[in-house]
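The file model-v6.txt comes next; it holds compact mmCIF, C-alpha atoms.
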# COMPACT_ATOMS: atom_id res chain seq x y z
CA MET A 1195 11.53 3.13 0.92
CA SER A 1196 10.44 -0.50 0.78
CA ALA A 1197 12.79 -1.65 3.56
CA GLU A 1198 11.66 1.14 5.87
CA VAL A 1199 7.99 0.43 5.12
CA LEU A 1200 8.34 -3.25 5.98
CA GLN A 1201 10.29 -2.45 9.14
CA GLN A 1202 7.73 0.05 10.46
CA LEU A 1203 4.57 -1.68 9.20
CA ASP A 1204 5.94 -5.04 10.41
CA PRO A 1205 3.41 -7.24 8.57
CA GLN A 1206 3.12 -10.73 10.08
CA PRO A 1207 1.73 -13.99 8.65
CA GLY A 1208 -2.05 -14.07 8.83
CA GLU A 1209 -2.52 -10.35 9.44
CA THR A 1210 -4.86 -7.98 7.63
CA ILE A 1211 -3.14 -5.00 6.01
CA VAL A 1212 -4.50 -2.05 4.04
CA ASP A 1213 -2.46 -0.47 1.25
CA ALA A 1214 -4.37 2.76 0.80
CA THR A 1215 -2.42 3.80 -2.32
CA ALA A 1216 -1.76 0.58 -4.22
CA GLY A 1217 -0.27 2.16 -7.36
CA ARG A 1218 1.59 -0.48 -9.33
CA GLY A 1219 1.70 -2.84 -6.36
CA GLY A 1220 5.34 -2.58 -5.30
CA HIS A 1221 4.66 -2.17 -1.58
CA ALA A 1222 1.57 -4.39 -1.81
CA ALA A 1223 3.53 -7.32 -3.24
CA ASP A 1224 6.16 -7.01 -0.50
CA ILE A 1225 3.45 -6.95 2.16
CA GLY A 1226 1.56 -9.82 0.53
CA ARG A 1227 4.60 -12.09 0.73
CA ARG A 1228 4.95 -11.29 4.44
CA ILE A 1229 1.33 -11.98 5.42
CA ALA A 1230 0.78 -15.05 3.18
CA PRO A 1231 -0.66 -17.60 3.19
CA GLY A 1232 -3.42 -16.74 5.63
CA GLY A 1233 -3.38 -12.95 5.55
CA ARG A 1234 -5.71 -10.47 3.90
CA LEU A 1235 -4.62 -7.49 1.83
CA ILE A 1236 -6.98 -4.63 0.96
CA LEU A 1237 -5.92 -2.34 -1.88
CA PHE A 1238 -7.27 1.15 -2.54
CA ASP A 1239 -6.57 3.27 -5.61
CA LEU A 1240 -8.35 5.94 -7.61
CA ASP A 1241 -6.73 4.71 -10.85
CA ALA A 1242 -8.67 1.68 -12.09
CA ALA A 1243 -5.86 0.48 -14.36
CA ASN A 1244 -3.25 0.68 -11.60
CA LEU A 1245 -5.57 -1.08 -9.16
CA ALA A 1246 -6.07 -3.96 -11.58
CA TYR A 1247 -2.33 -4.17 -12.22
CA ALA A 1248 -1.53 -4.16 -8.48
CA THR A 1249 -4.16 -6.82 -7.80
CA ASP A 1250 -2.72 -9.13 -10.46
CA ARG A 1251 0.81 -8.51 -9.18
CA VAL A 1252 -0.06 -9.38 -5.59
CA ARG A 1253 -1.88 -12.50 -6.72
CA ALA A 1254 1.08 -13.64 -8.82
CA GLU A 1255 3.80 -12.83 -6.29
CA SER A 1256 2.17 -13.86 -3.02
CA GLY A 1257 -0.67 -16.24 -3.86
CA LEU A 1258 -3.12 -14.02 -1.98
CA GLU A 1259 -6.41 -12.85 -3.46
CA PRO A 1260 -6.47 -9.17 -2.49
CA ILE A 1261 -9.62 -7.12 -2.07
CA GLY A 1262 -9.43 -4.22 -4.52
CA ILE A 1263 -11.42 -1.06 -3.84
CA GLU A 1264 -11.49 1.56 -6.58
CA GLY A 1265 -11.82 4.87 -4.80
CA SER A 1266 -10.26 7.33 -2.41
CA PHE A 1267 -8.60 6.23 0.80
CA ALA A 1268 -10.70 8.92 2.49
CA SER A 1269 -13.41 6.25 2.75
CA VAL A 1270 -11.19 3.57 4.29
CA GLY A 1271 -13.05 3.37 7.60
CA ARG A 1272 -16.47 3.14 5.98
CA GLU A 1273 -15.30 0.56 3.42
CA LEU A 1274 -13.68 -1.68 6.02
CA LYS A 1275 -16.59 -1.46 8.45
CA SER A 1276 -19.05 -2.35 5.68
CA ARG A 1277 -17.05 -5.54 5.11
CA ASP A 1278 -16.54 -6.33 8.82
CA ILE A 1279 -12.77 -6.05 8.33
CA VAL A 1280 -10.39 -5.05 11.13
CA ALA A 1281 -6.91 -4.14 9.91
CA ASP A 1282 -3.62 -4.74 11.71
CA GLY A 1283 -1.77 -2.20 9.60
CA LEU A 1284 -2.32 0.68 7.19
CA LEU A 1285 0.09 2.08 4.61
CA ALA A 1286 -0.47 5.30 2.66
CA ASP A 1287 2.33 6.20 0.25
CA LEU A 1288 1.17 9.59 -0.98
CA GLY A 1289 3.41 9.74 -4.05
CA PHE A 1290 1.92 8.98 -7.44
CA SER A 1291 3.07 6.18 -9.71
CA SER A 1292 5.89 6.49 -12.22
CA ASN A 1293 3.64 5.23 -14.99
CA GLN A 1294 1.29 8.16 -14.38
CA LEU A 1295 4.19 10.57 -14.74
CA GLU A 1296 5.33 8.91 -17.94
CA GLN A 1297 1.93 9.08 -19.65
CA ALA A 1298 1.96 12.44 -21.39
CA GLU A 1299 -1.82 12.37 -21.79
CA ARG A 1300 -2.25 12.46 -17.99
CA GLY A 1301 -0.60 15.88 -17.82
CA PHE A 1302 1.26 15.36 -14.53
CA SER A 1303 4.72 16.23 -15.78
CA PHE A 1304 6.16 19.18 -17.66
CA MET A 1305 8.91 16.86 -18.91
CA ARG A 1306 6.44 15.48 -21.49
CA ASP A 1307 4.13 17.72 -23.44
CA GLY A 1308 0.51 16.77 -23.08
CA PRO A 1309 -2.94 18.05 -22.15
CA LEU A 1310 -3.35 19.78 -18.77
CA ASP A 1311 -5.41 17.02 -17.18
CA MET A 1312 -3.79 15.91 -13.86
CA ARG A 1313 -6.75 13.79 -12.71
CA LEU A 1314 -5.91 10.67 -10.73
CA ASP A 1315 -9.49 9.52 -11.29
CA SER A 1316 -10.27 10.13 -14.96
CA SER A 1317 -14.03 9.87 -14.34
CA THR A 1318 -14.11 13.16 -12.41
CA PRO A 1319 -14.92 16.28 -14.46
CA LEU A 1320 -12.45 18.89 -13.21
CA LYS A 1321 -9.10 19.20 -15.04
CA ALA A 1322 -6.13 21.46 -14.42
CA GLU A 1323 -6.98 23.22 -17.68
CA ASP A 1324 -10.37 24.17 -16.22
CA LEU A 1325 -8.80 25.81 -13.18
CA LEU A 1326 -6.40 27.81 -15.33
CA ALA A 1327 -9.28 28.98 -17.53
CA THR A 1328 -11.78 29.95 -14.85
CA LEU A 1329 -10.08 31.01 -11.61
CA SER A 1330 -9.59 34.72 -11.02
CA GLU A 1331 -6.07 36.09 -10.74
CA PRO A 1332 -6.27 36.39 -6.91
CA ASP A 1333 -7.66 32.85 -6.61
CA LEU A 1334 -4.96 31.44 -8.88
CA ALA A 1335 -2.28 33.20 -6.87
CA ASP A 1336 -3.77 31.86 -3.63
CA LEU A 1337 -3.91 28.31 -5.02
CA ILE A 1338 -0.26 28.39 -6.16
CA ARG A 1339 0.86 29.97 -2.89
CA ARG A 1340 -1.10 27.59 -0.60
CA PHE A 1341 -0.60 24.29 -2.41
CA GLY A 1342 2.69 25.00 -4.16
CA GLU A 1343 4.24 27.24 -1.50
CA ASP A 1344 5.71 29.32 -4.31
CA PRO A 1345 6.72 32.88 -3.33
CA SER A 1346 6.29 33.93 -6.97
CA ALA A 1347 2.61 32.95 -6.97
CA LYS A 1348 1.32 36.45 -7.79
CA ARG A 1349 3.64 36.87 -10.78
CA ILE A 1350 2.76 33.42 -12.08
CA ALA A 1351 -0.99 34.07 -11.75
CA ARG A 1352 -0.64 37.43 -13.49
CA LYS A 1353 1.22 35.78 -16.37
CA ILE A 1354 -1.37 33.02 -16.72
CA VAL A 1355 -4.31 35.44 -16.77
CA ALA A 1356 -2.61 37.68 -19.33
CA GLN A 1357 -1.82 34.71 -21.57
CA ARG A 1358 -5.29 33.14 -21.42
CA ALA A 1359 -6.75 36.41 -22.64
CA GLU A 1360 -4.87 35.80 -25.89
CA GLU A 1361 -5.24 32.01 -26.20
CA PRO A 1362 -6.32 29.04 -24.05
CA ILE A 1363 -3.64 27.37 -21.90
CA GLN A 1364 -4.11 23.70 -22.73
CA THR A 1365 -0.76 21.91 -22.60
CA THR A 1366 1.92 21.19 -20.02
CA ALA A 1367 4.59 22.77 -22.23
CA GLN A 1368 2.59 26.01 -22.45
CA LEU A 1369 2.21 26.23 -18.69
CA ALA A 1370 5.84 25.36 -17.96
CA ARG A 1371 6.97 28.07 -20.37
CA LEU A 1372 4.69 30.66 -18.78
CA VAL A 1373 5.95 29.90 -15.28
CA ARG A 1374 9.57 30.11 -16.42
CA GLU A 1375 8.82 33.47 -18.04
CA ALA A 1376 7.13 34.67 -14.84
CA TYR A 1377 10.28 33.79 -12.90
CA GLY A 1378 12.43 35.79 -15.31
CA PRO A 1379 16.24 35.64 -14.81
CA ARG A 1380 15.76 33.84 -11.48
CA ALA A 1381 14.69 30.71 -13.39
CA ARG A 1382 18.34 30.02 -14.23
CA GLU A 1383 19.24 30.00 -10.53
CA ALA A 1384 16.45 27.68 -9.36
CA ARG A 1385 17.51 24.28 -7.96
CA VAL A 1386 14.43 22.66 -9.45
CA HIS A 1387 12.39 23.58 -12.50
CA PRO A 1388 10.39 26.77 -11.79
CA ALA A 1389 7.14 25.06 -12.82
CA THR A 1390 7.48 22.27 -10.22
CA ARG A 1391 5.48 24.02 -7.51
CA THR A 1392 2.76 25.28 -9.85
CA PHE A 1393 2.22 21.77 -11.22
CA GLN A 1394 2.11 20.44 -7.65
CA ALA A 1395 -0.46 23.05 -6.65
CA LEU A 1396 -2.74 22.29 -9.60
CA ARG A 1397 -2.49 18.53 -9.06
CA ILE A 1398 -3.36 18.89 -5.37
CA ALA A 1399 -6.34 21.11 -6.20
CA VAL A 1400 -7.67 18.93 -9.03
CA ASN A 1401 -7.59 15.78 -6.88
CA ASP A 1402 -8.36 17.39 -3.49
CA GLU A 1403 -5.31 15.56 -2.19
CA LEU A 1404 -5.04 17.41 1.11
CA GLY A 1405 -8.76 17.04 1.74
CA ALA A 1406 -8.47 13.28 1.19
CA LEU A 1407 -5.43 13.08 3.49
CA ASP A 1408 -7.26 15.00 6.23
CA ALA A 1409 -10.22 12.63 5.86
CA LEU A 1410 -7.92 9.60 6.15
CA LEU A 1411 -6.22 10.98 9.25
CA ASP A 1412 -9.64 11.80 10.75
CA GLU A 1413 -10.71 8.19 10.16
CA VAL A 1414 -7.57 6.94 11.91
CA GLU A 1415 -8.12 9.37 14.78
CA ARG A 1416 -11.73 8.30 15.27
CA THR A 1417 -10.90 4.60 15.47
CA ALA A 1418 -7.85 5.33 17.67
CA LYS A 1419 -10.18 7.16 20.07
CA GLN A 1420 -12.47 4.13 20.16
CA LEU A 1421 -9.55 1.81 20.87
CA ALA A 1422 -8.22 4.07 23.61
CA LYS A 1423 -11.64 3.83 25.30
CA GLY A 1424 -11.64 0.03 25.02
CA SER A 1425 -14.12 -0.17 22.13
CA PRO A 1426 -13.46 -1.98 18.83
CA GLY A 1427 -12.71 -0.09 15.62
CA TRP A 1428 -11.70 -0.81 12.03
CA LEU A 1429 -8.08 -0.89 13.19
CA SER A 1430 -6.96 -3.43 15.76
CA LEU A 1431 -5.40 -2.48 19.09
CA GLY A 1432 -1.72 -1.84 18.36
CA ALA A 1433 -2.25 -1.52 14.59
CA ARG A 1434 0.61 0.21 12.77
CA VAL A 1435 -0.13 3.23 10.61
CA VAL A 1436 2.58 4.27 8.14
CA VAL A 1437 2.34 7.37 5.93
CA ILE A 1438 4.89 8.58 3.39
CA GLY A 1439 4.57 12.22 2.34
CA PHE A 1440 6.47 14.02 -0.40
CA HIS A 1441 6.11 17.69 0.44
CA SER A 1442 5.77 19.81 3.55
CA LEU A 1443 1.99 20.16 3.34
CA GLU A 1444 1.51 16.39 3.55
CA ASP A 1445 4.19 15.80 6.17
CA ARG A 1446 2.91 18.65 8.36
CA ALA A 1447 -0.63 17.22 8.33
CA VAL A 1448 0.59 13.76 9.34
CA LYS A 1449 2.93 15.10 12.02
CA GLN A 1450 0.21 17.25 13.58
CA ALA A 1451 -2.39 14.46 13.49
CA PHE A 1452 -0.06 11.96 15.17
CA ALA A 1453 0.98 14.55 17.78
CA ARG A 1454 -2.66 15.36 18.53
CA MET A 1455 -3.53 11.69 18.96
CA ALA A 1456 -0.51 11.12 21.19
CA ASP A 1457 -1.42 14.10 23.39
CA GLN A 1458 -4.91 12.62 23.87
CA GLY A 1459 -3.58 9.19 24.82
CA MET A 1460 -4.69 7.46 21.61
CA LEU A 1461 -1.32 6.06 20.57
CA GLN A 1462 0.99 3.45 22.02
CA ASP A 1463 3.92 4.89 20.11
CA ARG A 1464 4.80 7.22 17.24
CA SER A 1465 7.85 8.41 15.35
CA ARG A 1466 9.10 11.77 16.62
CA LYS A 1467 11.12 12.46 13.50
CA PRO A 1468 10.43 11.22 9.96
CA LEU A 1469 12.50 8.53 8.32
CA LYS A 1470 14.11 9.59 5.06
CA PRO A 1471 15.45 7.56 2.11
CA THR A 1472 19.08 6.53 2.14
CA ARG A 1473 21.60 8.09 -0.21
CA THR A 1474 21.78 4.78 -2.05
CA GLU A 1475 18.04 4.82 -2.72
CA ILE A 1476 18.09 8.45 -3.82
CA ARG A 1477 20.85 7.63 -6.33
CA SER A 1478 18.81 4.78 -7.79
CA ASN A 1479 15.45 6.58 -7.50
CA PRO A 1480 15.84 10.39 -7.47
CA ARG A 1481 12.07 10.85 -7.05
CA ALA A 1482 12.41 9.45 -3.51
CA ARG A 1483 14.62 12.32 -2.34
CA SER A 1484 11.76 14.29 -0.77
CA ALA A 1485 10.01 11.32 0.89
CA LYS A 1486 9.35 11.44 4.63
CA LEU A 1487 7.94 8.41 6.46
CA ARG A 1488 6.06 8.70 9.75
CA CYS A 1489 4.52 5.88 11.72
CA ALA A 1490 2.26 5.41 14.74
CA LYS A 1491 0.80 2.52 16.72
CA VAL A 1492 -2.82 3.11 17.66
CA GLY A 1493 -4.57 2.42 20.94
CA ASN A 1494 -3.64 2.91 24.58
CA LEU A 1495 -1.28 0.65 26.50
CA VAL A 1496 -3.50 0.94 29.58
CA GLN A 1497 -7.15 0.01 29.05

Can I see the file as structure tokens?
Amino acid sequence: MSAEVLQQLDPQPGETIVDATAGRGGHAADIGRRIAPGGRLILFDLDAANLAYATDRVRAESGLEPIGIEGSFASVGRELKSRDIVADGLLADLGFSSNQLEQAERGFSFMRDGPLDMRLDSSTPLKAEDLLATLSEPDLADLIRRFGEDPSAKRIARKIVAQRAEEPIQTTAQLARLVREAYGPRAREARVHPATRTFQALRIAVNDELGALDALLDEVERTAKQLAKGSPGWLSLGARVVVIGFHSLEDRAVKQAFARMADQGMLQDRSRKPLKPTRTEIRSNPRARSAKLRCAKVGNLVQ
């Protein structure tokens, strides 16, 4: 959704913009060209290799020297304040990079057999394999139900626990097969692969994705409250905040946070309904089909 991002984020020459999920630098390079030559671009990413790639790409395509911060966007407010940076815009595209999906050793996809890792930050100790080996059956079912929103969570958890009693569950192919077996004949009727929601749930849990998103939204809300009261924050008055979510748990959190800020007079404007990718984009990039973009402009019109 590059066109929609640029339209809603509206980066201008000389502005300071934060890309909280730099990935391979696609959005960042587009933004960099818009804010060059005098702008500043701050890139966050948990994946050190992707951050380095995005930094080089922005430098080559825009001439800017971006500030790269290896870490979670949950710390965006603290990181910007420590550098005396005030941002005019913030983008958080919550999808993960195609290269991460394509690396079998990362364990994100059941389309490629590999170890059940799923860590965005490979320096952290907890892997998906560890959750499958240690969580109780009720806790596994709760995890799959809460983070995957899968109505078959209990059957899937029961299957996993029974299987691990015989042998460790260590690969993506093993897990995908177990979930399909737990679904039984209904697997043939599913619109998407039966394992999709279980993989999503494990990835969210391993990386505390919803916790990080809540922390980011809390940071935005705190600085929006300061701006509404006439005090400075790490976002400028009228700064645009754009978030792209890829499943209902993410979109619901963003929608509720923006609504709460609007009700308390902290926003100048916000999107009432999410923007979605065009049919043309979905045909060229099927992974974009579930994307939902929401935007808000922080601060109060009347100070």

**OP:** Taking the point (4.1, 30.1, -5.5) as given in the file, collect each protein or nucleic acid residue that comes within 10 Å of it, counting all atoms listed in the file, and present the set as a ChimeraX atom specification.
**Re:** /A:1334-1351,1373,1388-1392,1395

Original post:
Could you list as an NGL selection string every residue that has an atom within 12 Å of (-9.4, 1.4, -7.5), using the file's coordinates and counting only C-alpha atoms?
Top reply: :A and (1213-1219 or 1236-1249 or 1261-1267 or 1314-1317)

Subject >> Non-local contacts of Gln1201 (chain A) (12 Å; all atoms listed in the file; under 4 positions in same chain excluded) as a PyMOL selection string >> reply: chain A and resi 1195-1197+1205-1206+1224-1225+1228+1434-1436+1469+1487-1489

Given 5 Å of margin on each side, can you work out the centre and size in Å (one decimal) of an axis-aligned box holding every listed atom of region 1207-1214 of chain A, as JSON?
{"center_x": -1.6, "center_y": -5.7, "center_z": 5.1, "size_x": 16.6, "size_y": 26.8, "size_z": 18.6}

Subject >> Interatomic distance, CA of Val1270 (chain A) to CA of Leu1407 (chain A) (Å, one decimal) >> reply: 11.1 Å

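Comparing A:Leu1310, A:Leu1258, A:Ala1406, A:Ala1281 by their smallest distance to Thr1210 (chain A), the closest is A:Ala1281 (using all atoms listed in the file).
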
**OP:** Measure the distance from CA of Glu1360 (chain A) to CA of Thr1328 (chain A) in Å and round it to one decimal.
**Re:**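 Between CA of Glu1360 (chain A) and CA of Thr1328 (chain A) the gap works out to 14.3 Å.
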
**OP:** Kindly give the distance, in Å, that separates CA of Gly1439 (chain A) and CA of Asp1287 (chain A), rounded to a single decimal.
**Re:**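 So the two atoms, CA of Gly1439 (chain A) and CA of Asp1287 (chain A), lie 6.8 Å apart.
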
Original post:
Taking only C-alpha atoms into account, which of A:Ile1354, A:Gly1208, A:Leu1410, A:Gly1493 comes nearest Lys1423 (chain A)?
Top reply: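 Among A:Ile1354, A:Gly1208, A:Leu1410, A:Gly1493, it is A:Gly1493 that comes nearest to Lys1423 (chain A).
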
Subject >> Nearest to Lys1321 (chain A) by atom-to-atom distance, counting all atoms listed in the file, from A:Gly1226, A:Gly1301, A:Gly1233, A:Gly1271 >> reply: A:Gly1301
